[in-house]
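Below is input.txt, holding compact mmCIF, N, CA and C atoms.
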```
# COMPACT_ATOMS: atom_id res chain seq x y z
N MET F 1 -34.06 -2.90 -27.06
CA MET F 1 -33.94 -2.97 -25.61
C MET F 1 -32.55 -3.48 -25.20
N LYS F 2 -32.08 -4.54 -25.90
CA LYS F 2 -30.76 -5.07 -25.59
C LYS F 2 -29.67 -4.05 -25.89
N LEU F 3 -29.87 -3.28 -26.94
CA LEU F 3 -28.88 -2.28 -27.32
C LEU F 3 -28.74 -1.21 -26.23
N LYS F 4 -29.85 -0.81 -25.61
CA LYS F 4 -29.80 0.17 -24.52
C LYS F 4 -29.07 -0.40 -23.31
N LEU F 5 -29.32 -1.66 -23.01
CA LEU F 5 -28.65 -2.30 -21.87
C LEU F 5 -27.15 -2.39 -22.12
N ILE F 6 -26.76 -2.79 -23.31
CA ILE F 6 -25.34 -2.88 -23.64
C ILE F 6 -24.69 -1.50 -23.58
N ALA F 7 -25.37 -0.48 -24.09
CA ALA F 7 -24.83 0.88 -24.05
C ALA F 7 -24.68 1.37 -22.61
N ALA F 8 -25.68 1.09 -21.78
CA ALA F 8 -25.61 1.52 -20.38
C ALA F 8 -24.47 0.82 -19.65
N CYS F 9 -24.28 -0.47 -19.90
CA CYS F 9 -23.19 -1.21 -19.28
C CYS F 9 -21.83 -0.69 -19.75
N SER F 10 -21.74 -0.36 -21.02
CA SER F 10 -20.49 0.17 -21.56
C SER F 10 -20.13 1.51 -20.91
N VAL F 11 -21.11 2.36 -20.76
CA VAL F 11 -20.88 3.65 -20.12
C VAL F 11 -20.47 3.46 -18.67
N ALA F 12 -21.14 2.57 -17.96
CA ALA F 12 -20.81 2.31 -16.55
C ALA F 12 -19.39 1.78 -16.41
N LEU F 13 -18.99 0.86 -17.26
CA LEU F 13 -17.64 0.31 -17.20
C LEU F 13 -16.59 1.37 -17.53
N THR F 14 -16.89 2.22 -18.47
CA THR F 14 -15.96 3.30 -18.82
C THR F 14 -15.77 4.25 -17.65
N VAL F 15 -16.85 4.60 -16.99
CA VAL F 15 -16.78 5.50 -15.84
C VAL F 15 -16.00 4.85 -14.71
N LEU F 16 -16.28 3.58 -14.41
CA LEU F 16 -15.59 2.88 -13.33
C LEU F 16 -14.11 2.71 -13.62
N SER F 17 -13.75 2.44 -14.86
CA SER F 17 -12.35 2.18 -15.18
C SER F 17 -11.50 3.44 -15.10
N GLY F 18 -12.07 4.60 -15.15
CA GLY F 18 -11.30 5.83 -15.09
C GLY F 18 -11.19 6.44 -13.73
N CYS F 19 -11.66 5.77 -12.70
CA CYS F 19 -11.69 6.36 -11.35
C CYS F 19 -10.31 6.70 -10.83
N GLY F 20 -9.31 5.85 -11.06
CA GLY F 20 -7.96 6.14 -10.58
C GLY F 20 -7.37 7.35 -11.24
N ILE F 21 -7.63 7.52 -12.53
CA ILE F 21 -7.11 8.67 -13.27
C ILE F 21 -7.75 9.95 -12.76
N ILE F 22 -9.04 9.91 -12.52
CA ILE F 22 -9.74 11.07 -11.98
C ILE F 22 -9.27 11.38 -10.56
N GLU F 23 -9.09 10.34 -9.75
CA GLU F 23 -8.67 10.52 -8.35
C GLU F 23 -7.32 11.22 -8.27
N LYS F 24 -6.40 10.91 -9.18
CA LYS F 24 -5.08 11.56 -9.14
C LYS F 24 -5.21 13.07 -9.27
N GLN F 25 -6.17 13.51 -10.04
CA GLN F 25 -6.35 14.95 -10.25
C GLN F 25 -6.85 15.65 -8.99
N VAL F 26 -7.58 14.94 -8.14
CA VAL F 26 -8.16 15.58 -6.96
C VAL F 26 -7.46 15.20 -5.65
N ALA F 27 -6.58 14.19 -5.68
CA ALA F 27 -5.88 13.78 -4.46
C ALA F 27 -4.80 14.79 -4.13
N SER F 28 -4.85 15.32 -2.94
CA SER F 28 -3.83 16.28 -2.52
C SER F 28 -2.68 15.54 -1.85
N GLU F 29 -1.56 16.22 -1.74
CA GLU F 29 -0.40 15.63 -1.07
C GLU F 29 -0.74 15.35 0.40
N GLU F 30 -1.54 16.22 1.00
CA GLU F 30 -1.94 16.00 2.39
C GLU F 30 -2.78 14.73 2.56
N SER F 31 -3.68 14.47 1.61
CA SER F 31 -4.48 13.25 1.72
C SER F 31 -3.62 12.01 1.53
N LEU F 32 -2.62 12.08 0.65
CA LEU F 32 -1.70 10.95 0.48
C LEU F 32 -0.85 10.74 1.74
N LYS F 33 -0.43 11.84 2.37
CA LYS F 33 0.32 11.73 3.62
C LYS F 33 -0.54 11.09 4.72
N GLN F 34 -1.82 11.48 4.78
CA GLN F 34 -2.73 10.90 5.78
C GLN F 34 -2.86 9.39 5.57
N LYS F 35 -3.08 8.97 4.32
CA LYS F 35 -3.22 7.56 4.02
C LYS F 35 -1.94 6.80 4.35
N ALA F 36 -0.80 7.34 3.95
CA ALA F 36 0.48 6.68 4.20
C ALA F 36 0.82 6.64 5.69
N SER F 37 0.47 7.68 6.42
CA SER F 37 0.81 7.72 7.85
C SER F 37 0.13 6.60 8.61
N PHE F 38 -1.08 6.27 8.24
CA PHE F 38 -1.79 5.18 8.90
C PHE F 38 -1.13 3.85 8.56
N ALA F 39 -0.73 3.66 7.30
CA ALA F 39 -0.13 2.40 6.87
C ALA F 39 1.28 2.22 7.45
N ILE F 40 2.03 3.31 7.54
CA ILE F 40 3.41 3.23 8.00
C ILE F 40 3.51 3.29 9.51
N GLY F 41 2.63 4.04 10.14
CA GLY F 41 2.65 4.15 11.59
C GLY F 41 3.47 5.32 12.09
N THR F 42 3.36 6.46 11.40
CA THR F 42 4.05 7.66 11.83
C THR F 42 3.16 8.87 11.55
N GLN F 43 3.56 10.02 12.01
CA GLN F 43 2.78 11.24 11.81
C GLN F 43 2.89 11.71 10.36
N PRO F 44 1.82 12.30 9.81
CA PRO F 44 1.84 12.78 8.42
C PRO F 44 2.94 13.81 8.15
N ASN F 45 3.29 14.63 9.13
CA ASN F 45 4.32 15.65 8.90
C ASN F 45 5.73 15.06 8.82
N ASN F 46 5.88 13.75 9.13
CA ASN F 46 7.17 13.07 8.99
C ASN F 46 7.33 12.41 7.63
N ILE F 47 6.35 12.54 6.75
CA ILE F 47 6.32 11.82 5.48
C ILE F 47 6.47 12.80 4.32
N SER F 48 7.27 12.40 3.33
CA SER F 48 7.31 13.14 2.07
C SER F 48 6.85 12.20 0.96
N ILE F 49 6.05 12.73 0.04
CA ILE F 49 5.43 11.96 -1.03
C ILE F 49 6.09 12.31 -2.36
N THR F 50 6.41 11.28 -3.16
CA THR F 50 6.97 11.49 -4.50
C THR F 50 6.38 10.47 -5.46
N ASN F 51 6.61 10.67 -6.73
CA ASN F 51 6.31 9.70 -7.79
C ASN F 51 4.86 9.22 -7.77
N VAL F 52 3.92 10.15 -7.76
CA VAL F 52 2.49 9.80 -7.75
C VAL F 52 2.09 9.42 -9.18
N GLN F 53 1.50 8.23 -9.32
CA GLN F 53 1.05 7.75 -10.62
C GLN F 53 -0.35 7.17 -10.48
N SER F 54 -1.12 7.27 -11.56
CA SER F 54 -2.47 6.73 -11.51
C SER F 54 -2.64 5.64 -12.56
N GLY F 55 -3.41 4.64 -12.19
CA GLY F 55 -3.81 3.60 -13.11
C GLY F 55 -5.31 3.68 -13.29
N LEU F 56 -5.89 2.64 -13.85
CA LEU F 56 -7.33 2.66 -14.06
C LEU F 56 -8.09 2.68 -12.74
N GLU F 57 -7.64 1.89 -11.76
CA GLU F 57 -8.39 1.85 -10.51
C GLU F 57 -7.51 2.00 -9.28
N LYS F 58 -6.25 2.42 -9.45
CA LYS F 58 -5.41 2.62 -8.27
C LYS F 58 -4.45 3.77 -8.45
N ILE F 59 -4.03 4.31 -7.33
CA ILE F 59 -3.04 5.37 -7.26
C ILE F 59 -1.81 4.78 -6.57
N THR F 60 -0.64 4.91 -7.18
CA THR F 60 0.60 4.46 -6.56
C THR F 60 1.46 5.67 -6.26
N PHE F 61 2.23 5.59 -5.19
CA PHE F 61 3.13 6.68 -4.83
C PHE F 61 4.23 6.15 -3.93
N ASP F 62 5.31 6.89 -3.85
CA ASP F 62 6.41 6.56 -2.96
C ASP F 62 6.36 7.50 -1.77
N ALA F 63 6.70 6.96 -0.62
CA ALA F 63 6.72 7.76 0.61
C ALA F 63 8.06 7.56 1.30
N GLU F 64 8.55 8.61 1.91
CA GLU F 64 9.76 8.51 2.72
C GLU F 64 9.41 8.99 4.11
N ALA F 65 9.77 8.19 5.10
CA ALA F 65 9.48 8.54 6.49
C ALA F 65 10.60 8.02 7.38
N ASN F 66 11.11 8.86 8.22
CA ASN F 66 12.13 8.49 9.21
C ASN F 66 13.31 7.77 8.58
N GLY F 67 13.73 8.22 7.39
CA GLY F 67 14.88 7.63 6.73
C GLY F 67 14.61 6.35 5.97
N SER F 68 13.38 5.90 5.90
CA SER F 68 13.03 4.67 5.18
C SER F 68 12.16 5.00 3.98
N GLN F 69 12.31 4.22 2.92
CA GLN F 69 11.53 4.39 1.70
C GLN F 69 10.40 3.37 1.67
N TYR F 70 9.22 3.79 1.23
CA TYR F 70 8.06 2.92 1.13
C TYR F 70 7.42 3.07 -0.24
N SER F 71 6.91 1.98 -0.76
CA SER F 71 6.12 1.99 -1.98
C SER F 71 4.67 1.76 -1.56
N CYS F 72 3.77 2.67 -1.95
CA CYS F 72 2.39 2.62 -1.46
C CYS F 72 1.40 2.65 -2.62
N TYR F 73 0.20 2.16 -2.35
CA TYR F 73 -0.90 2.31 -3.30
C TYR F 73 -2.22 2.22 -2.57
N TYR F 74 -3.26 2.74 -3.22
CA TYR F 74 -4.63 2.52 -2.76
C TYR F 74 -5.53 2.46 -3.97
N THR F 75 -6.66 1.79 -3.80
CA THR F 75 -7.59 1.62 -4.92
C THR F 75 -8.78 2.55 -4.75
N THR F 76 -9.43 2.82 -5.86
CA THR F 76 -10.57 3.72 -5.85
C THR F 76 -11.59 3.28 -6.89
N ALA F 77 -12.84 3.39 -6.55
CA ALA F 77 -13.95 3.12 -7.47
C ALA F 77 -15.08 4.08 -7.14
N ILE F 78 -15.43 4.91 -8.05
CA ILE F 78 -16.44 5.96 -7.91
C ILE F 78 -16.08 6.83 -6.70
N VAL F 79 -16.79 6.72 -5.59
CA VAL F 79 -16.48 7.55 -4.42
C VAL F 79 -15.88 6.73 -3.28
N VAL F 80 -15.65 5.45 -3.50
CA VAL F 80 -15.10 4.57 -2.47
C VAL F 80 -13.59 4.45 -2.67
N LYS F 81 -12.84 4.73 -1.61
CA LYS F 81 -11.38 4.63 -1.65
C LYS F 81 -10.93 3.69 -0.55
N SER F 82 -9.95 2.85 -0.86
CA SER F 82 -9.42 1.94 0.15
C SER F 82 -8.38 2.67 0.99
N ASP F 83 -7.95 2.03 2.06
CA ASP F 83 -6.80 2.52 2.81
C ASP F 83 -5.56 2.26 1.97
N ALA F 84 -4.50 2.98 2.25
CA ALA F 84 -3.24 2.75 1.54
C ALA F 84 -2.53 1.53 2.10
N LEU F 85 -1.88 0.82 1.22
CA LEU F 85 -1.00 -0.28 1.61
C LEU F 85 0.41 0.14 1.25
N CYS F 86 1.33 0.04 2.20
CA CYS F 86 2.71 0.46 1.96
C CYS F 86 3.66 -0.68 2.32
N ARG F 87 4.69 -0.82 1.50
CA ARG F 87 5.71 -1.83 1.75
C ARG F 87 7.06 -1.14 1.83
N LYS F 88 7.79 -1.47 2.87
CA LYS F 88 9.11 -0.89 3.05
C LYS F 88 10.04 -1.46 1.99
N MET F 89 10.75 -0.58 1.32
CA MET F 89 11.68 -1.01 0.28
C MET F 89 12.99 -1.48 0.91
N ASN F 90 13.60 -2.47 0.31
CA ASN F 90 14.84 -3.07 0.83
C ASN F 90 14.65 -3.57 2.25
N ALA F 91 13.50 -4.18 2.50
CA ALA F 91 13.20 -4.68 3.84
C ALA F 91 13.69 -6.09 4.06
N GLN F 92 14.47 -6.65 3.12
CA GLN F 92 14.93 -8.03 3.25
C GLN F 92 15.76 -8.23 4.51
N ALA F 93 16.62 -7.28 4.81
CA ALA F 93 17.47 -7.42 5.99
C ALA F 93 16.65 -7.42 7.27
N ASP F 94 15.50 -6.71 7.25
CA ASP F 94 14.67 -6.64 8.44
C ASP F 94 13.90 -7.93 8.69
N THR F 95 13.65 -8.72 7.63
CA THR F 95 12.79 -9.88 7.79
C THR F 95 13.55 -11.19 7.93
N LYS F 96 14.87 -11.16 7.91
CA LYS F 96 15.63 -12.40 8.05
C LYS F 96 15.44 -12.95 9.46
N LEU F 97 15.24 -14.24 9.53
CA LEU F 97 15.09 -14.88 10.83
C LEU F 97 16.46 -15.09 11.45
N LYS F 98 16.53 -14.87 12.72
CA LYS F 98 17.77 -15.08 13.44
C LYS F 98 17.82 -16.54 13.88
N PRO F 99 18.99 -17.14 13.88
CA PRO F 99 19.09 -18.50 14.40
C PRO F 99 18.71 -18.51 15.88
N ALA F 100 18.24 -19.64 16.33
CA ALA F 100 17.82 -19.76 17.73
C ALA F 100 19.01 -19.61 18.65
N THR F 101 18.82 -18.79 19.66
CA THR F 101 19.83 -18.62 20.70
C THR F 101 19.11 -18.70 22.03
N GLU F 102 19.88 -18.64 23.09
CA GLU F 102 19.25 -18.70 24.41
C GLU F 102 18.35 -17.50 24.65
N GLU F 103 18.69 -16.32 24.06
CA GLU F 103 17.88 -15.12 24.29
C GLU F 103 16.52 -15.22 23.61
N ASN F 104 16.47 -15.78 22.39
CA ASN F 104 15.19 -15.80 21.68
C ASN F 104 14.54 -17.18 21.68
N GLN F 105 15.00 -18.08 22.51
CA GLN F 105 14.45 -19.43 22.56
C GLN F 105 12.96 -19.42 22.90
N GLY F 106 12.51 -18.46 23.71
CA GLY F 106 11.10 -18.36 24.07
C GLY F 106 10.22 -17.93 22.90
N GLN F 107 10.81 -17.45 21.80
CA GLN F 107 10.06 -17.01 20.64
C GLN F 107 9.87 -18.12 19.63
N CYS F 108 10.26 -19.33 19.95
CA CYS F 108 10.17 -20.45 19.03
C CYS F 108 8.73 -20.96 18.97
N ASN F 109 8.23 -21.19 17.74
CA ASN F 109 6.89 -21.74 17.56
C ASN F 109 6.97 -22.90 16.56
N ALA F 110 5.86 -23.50 16.23
CA ALA F 110 5.84 -24.67 15.37
C ALA F 110 6.42 -24.40 13.98
N LEU F 111 6.12 -23.23 13.44
CA LEU F 111 6.63 -22.90 12.11
C LEU F 111 8.15 -22.73 12.12
N LEU F 112 8.67 -22.07 13.16
CA LEU F 112 10.12 -21.90 13.27
C LEU F 112 10.81 -23.25 13.48
N LYS F 113 10.19 -24.11 14.26
CA LYS F 113 10.75 -25.46 14.45
C LYS F 113 10.79 -26.21 13.14
N ALA F 114 9.72 -26.15 12.37
CA ALA F 114 9.67 -26.85 11.08
C ALA F 114 10.69 -26.30 10.10
N ALA F 115 11.02 -25.03 10.21
CA ALA F 115 12.00 -24.41 9.33
C ALA F 115 13.43 -24.64 9.81
N GLY F 116 13.58 -25.32 10.94
CA GLY F 116 14.91 -25.60 11.47
C GLY F 116 15.56 -24.41 12.13
N ARG F 117 14.78 -23.45 12.57
CA ARG F 117 15.29 -22.25 13.20
C ARG F 117 15.37 -22.35 14.71
N CYS F 118 14.90 -23.45 15.26
CA CYS F 118 14.92 -23.64 16.72
C CYS F 118 15.69 -24.89 17.05
N LYS F 119 16.27 -24.90 18.23
CA LYS F 119 17.02 -26.09 18.69
C LYS F 119 16.09 -27.02 19.42
```

Let me see the file written as structure tokens.
Amino acid sequence: MKLKLIAACSVALTVLSGCGIIEKQVASEESLKQKASFAIGTQPNNISITNVQSGLEKITFDAEANGSQYSCYYTTAIVVKSDALCRKMNAQADTKLKPATEENQGQCNALLKAAGRCK
């Protein structure tokens, strides 16, 4: 009885661990564009998809939209797929905090004050 349970669990784990690899075979470029468009916030026809790779439970791909590069992924298990998560590449310049000035003084909050970004 224990041997059957162990065998059944082994088969289930094997099937679950291969979901990302199977998903890559059936995921179309259009479906990747749809997923990325929601994460990036642009129309699917503005996106080009490259470098699609599959892991055991996730699909990773690169997307280009409106002159910006994004690294994206989504997870999959059996028939359940997550939404894509995309991160803009070389986004460091976009996220730098500006020193406090008279124009952005109204945007000061407790965290910015603690970081010394507000006067």

A straight line from atom CA of F:Asn51 to atom C of F:Ala63 spans 9.5 Å

Hey, which of F:Ala115, F:Leu85, F:Asn109, F:Val52 ends up closest to F:Ala36? Count only N, CA and C atoms.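 Between F:Ala115, F:Leu85, F:Asn109, F:Val52, the residue approaching F:Ala36 most closely is F:Leu85.
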
Report, in Å with one decimal, the straight-line distance from atom C of F:Ile49 to atom N of F:Ser37.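 Computed distance, atom C of F:Ile49 to atom N of F:Ser37, equals 11.4 Å.
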
Length of the atom CA of F:Gln53 to atom CA of F:Gly67 vector [Å]: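 Atom-to-atom, atom CA of F:Gln53 and atom CA of F:Gly67 are spaced 22.2 Å apart.
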
Residues near F:Pro44, anyone? I mean within 8 Å using only N, CA and C atoms, not counting same-chain ones fewer than 6 positions away, as a PyMOL selection string. chain F and resi 30+32-38

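Residue nearest F:Asn46 within the list F:Glu64, F:Thr75, F:Lys58, F:Glu29: F:Glu64 [criterion: smallest interatomic distance, only N, CA and C atoms].
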
F:Ala84 proximity check over F:Ser28, F:Ala39, F:Ile47, F:Leu112, using all atoms listed in the file: winner is F:Ala39
